[in-house]
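Peer 1: The following block contains the structure, expressed as structure tokens.
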Amino acid sequence: MCGIIGIVGTSSVQDRLIESLKRLEYRGYDSAGIAGFGPDGIERRRAAGKLRNLEEVLAGDPLTASVGIGHTRWATHGPPTVGNAHPHQAGRVTLVHNGIIENFAELKAELKAEGRVFSTDTDTEVVAQLLDRELASKAPLEAFKATLDQVRGAFALVVMIEGETNLLLGAREGPPLIVGYGDGEMFLGSDALAVGPFTNRVAYLEDGDYVAIDHNGARVFEKSGRPVDRPVQVVPQSPALMEKGNYRHFMEKEIHDQPEGCQRTIAAYVDALGGLTAVPGGVDFAALNRIQIVGCGTAYLAGLIGKYLIEPLADLPVDVEVASEFRYRQPALRPDCLVVAISQSGETADTLAALRYCQARGMKSAAVVNAVGSTMAREVDVVWPIHCGPEIGVASTKAFTAQVSVLTAIAVAAARARGRIDEAEERRLVAVLMEAPRLIAESINLEEAVKSIALEVSRARDVLFLGRGPMYPLALEGALKLKEISYIHAEGYAAGELKHGPIALVDEHTPIVILAPFDSYFEKSASNMSEVMARGGQVVFITDPEGERHAPAGARVVVTAPRCDPLIAPLVMAAPIQLLAYYVAVQKGADVDQPRNLAKSVTVE
Ligand code: AGP
């Protein structure tokens, strides 16, 4: 989950490398560094911590290179020190790496036995040492291929070689790497966002590819060494979506972007004029016996909400599993099942591996993704894009509700296709779904009520989130949001499970967030609320106007979301839990957009 960039430029690259790394910081931000061909050879500048620390180093000691590389790190091997910051060097080689070299220990032992001296704890340095050794007897491209043939694992690499001042080498095995085509300049980067300020013409490297770029263009090769052509695509760049505007954080902006993101997404899945669903991809839901959803983190929880919507409406079995567990338990799969990968980035290693596991067993595949140029989007049979624009905040918000929007539309379409609802009911449900963006906007306006409780919650040691039905996965999401940006321990629970253990946690210092619209589960949730209040629990009751009227007295605060049809309750009730996490994190002075230890796209297992 690091960000890498390389530029073969015709003018100074220092500022452009930094600009690109700023766009890549969401992928990891433990440390950063750049390197370039200076007048007396390759020069390197590195700093631990945030990118601004590297900028301070450069202010006093700038690079003058017109060809260079850069890296922002999420530590896998070795602490986030300046010594472990990329770029790494060995002899003639300077390189940056995203991923994990799985056989680095045996290679390191082999190289050390030959007398090579290592200066870092990282797996990355092994690649630099290996390539430097190969360069003693081979030309750059051959030496690079010989190096790649010896390493195992997941890697995206960009490499400079002393003396080869017009050349950058790149390779991809797992984590993404793209080639950017400029006017007389060439780029390598982790994704299209990284090269967005310089070009919108990109080619996506496939696993096993390696590439040489210079001022004349790119030469791409397959793992075998055979030259291959990767088509150049024009990708839409929306710089405006990359800016925070007048918000303090990307997360705050992205919470407020949700009505528009969901509106654009829903519009791609319904025929607004005809009033019926129009799910792209041509999946015959009537022919399916099961849907298997795989995902991680928030994407997994969106899938869990999908299960609660699709099964009762369409009478179609839906299994949802965290991708990191799925393939290792050797699930019993059948080809008449559709596997659906849910992933904002489309690059999450565990989800990608689970998807490929299913594809290898003959299952048709679909992906609900935000990055339409991503690996998942390019490998599945059917792409179900979300249209919420680039999500920069590490804590997923607008992508989550856009993913749920897609799954809601699929639930209605599948119900119609399987004869569970007639056209009139489909029209009614489509109309309900099209109301969601307006109601989400109303829900976001509840921020004052949420802000009022943030100070108290920010002092808690533990926070419980409870929900029933589709509110249960939303409770899990609320707990994930809070813990990942405020670092407060939080757990989501099925409200019915409270008495089977978690209620032991409840005392007068424990905030309990209960998600309970006035639906068929309300009475039971209200009972849970009384049970925790009887033990001093401080209840944050998130409901709707009817629920507010029927709620037991004594809640610490009641947040009243707009009334809505149960079909879109997960969409309408999401904003209060997102805002709660946000304001608690702000109250704690946490790094909201770049929480410690996290990265936006987890491209290693
Ligand atoms: C979400 O807030 C988290 N940052 C994280 O759980 C994320 O949802 C997960 O890593 C999956 O990412 P993806 O959607 O890009 O696959």
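Note on naming: chains are A, B, ... as they come in the structure tokens, residues start from 1 per chain, ligands start from 1 in the order shown.
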Would you mind listing the residues within 10 Å of ligand 1, counting only C-alpha atoms and all ligand atoms, as a PyMOL selection string?
Peer 2: chain A and resi 294-302+322-323+341-352+368-371+376+391+393-397+399-400+403+477-478+480-485+578+593-595+598-603
Peer 1: Got a sec: who's within 8 Å of Ala203 in chain A, counting only C-alpha atoms, leaving out chain neighbours fewer than 3 positions off, as a PyMOL selection string?
Peer 2: chain A and resi 178-180+230-233
Peer 1: Please produce a file of the residues just selected, as a PDB file, in the first residue's frame, where the atoms kept are C-alpha atoms.
Peer 2:
ATOM      1  CA  ILE A 178       0.525   2.307 -15.019  1.00  0.00           C
ATOM      2  CA  VAL A 179       2.465   3.970 -17.834  1.00  0.00           C
ATOM      3  CA  GLY A 180       1.637   7.624 -18.492  1.00  0.00           C
ATOM      4  CA  ARG A 230      -0.737  -2.488 -23.652  1.00  0.00           C
ATOM      5  CA  PRO A 231      -3.342  -0.143 -25.111  1.00  0.00           C
ATOM      6  CA  VAL A 232      -3.263   3.546 -24.213  1.00  0.00           C
ATOM      7  CA  GLN A 233      -6.536   4.775 -22.702  1.00  0.00           C
TER       8      GLN A 233
END
Peer 1: Apply DSSP to the structure's backbone, then extract all residues of range 97-286 of chain A labelled alpha helix (DSSP H) and return them as a PyMOL selection string.
Peer 2: chain A and resi 104-113+124-135+140-148+192-195+239-242+250-256+258-267
Peer 1: Taking only C-alpha atoms into account, name the residue in A:His97, A:Arg44, A:Arg468, A:Lys451 that is nearest to Gly83 in chain A.
Peer 2: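 Checking each of A:His97, A:Arg44, A:Arg468, A:Lys451 against Gly83 in chain A, counting only C-alpha atoms, the winner is A:Arg44.
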Peer 1: Which polymer residues have any atom within 9 Å of an atom of range 47-60 of chain A, counting only C-alpha atoms, with same-chain residues fewer than 4 positions away left out, as JSON, numbers by chain?
Peer 2: {"A": [14, 18, 21, 22, 25, 29, 30, 31, 32, 33, 34, 72, 80, 81, 82, 83, 84, 85]}
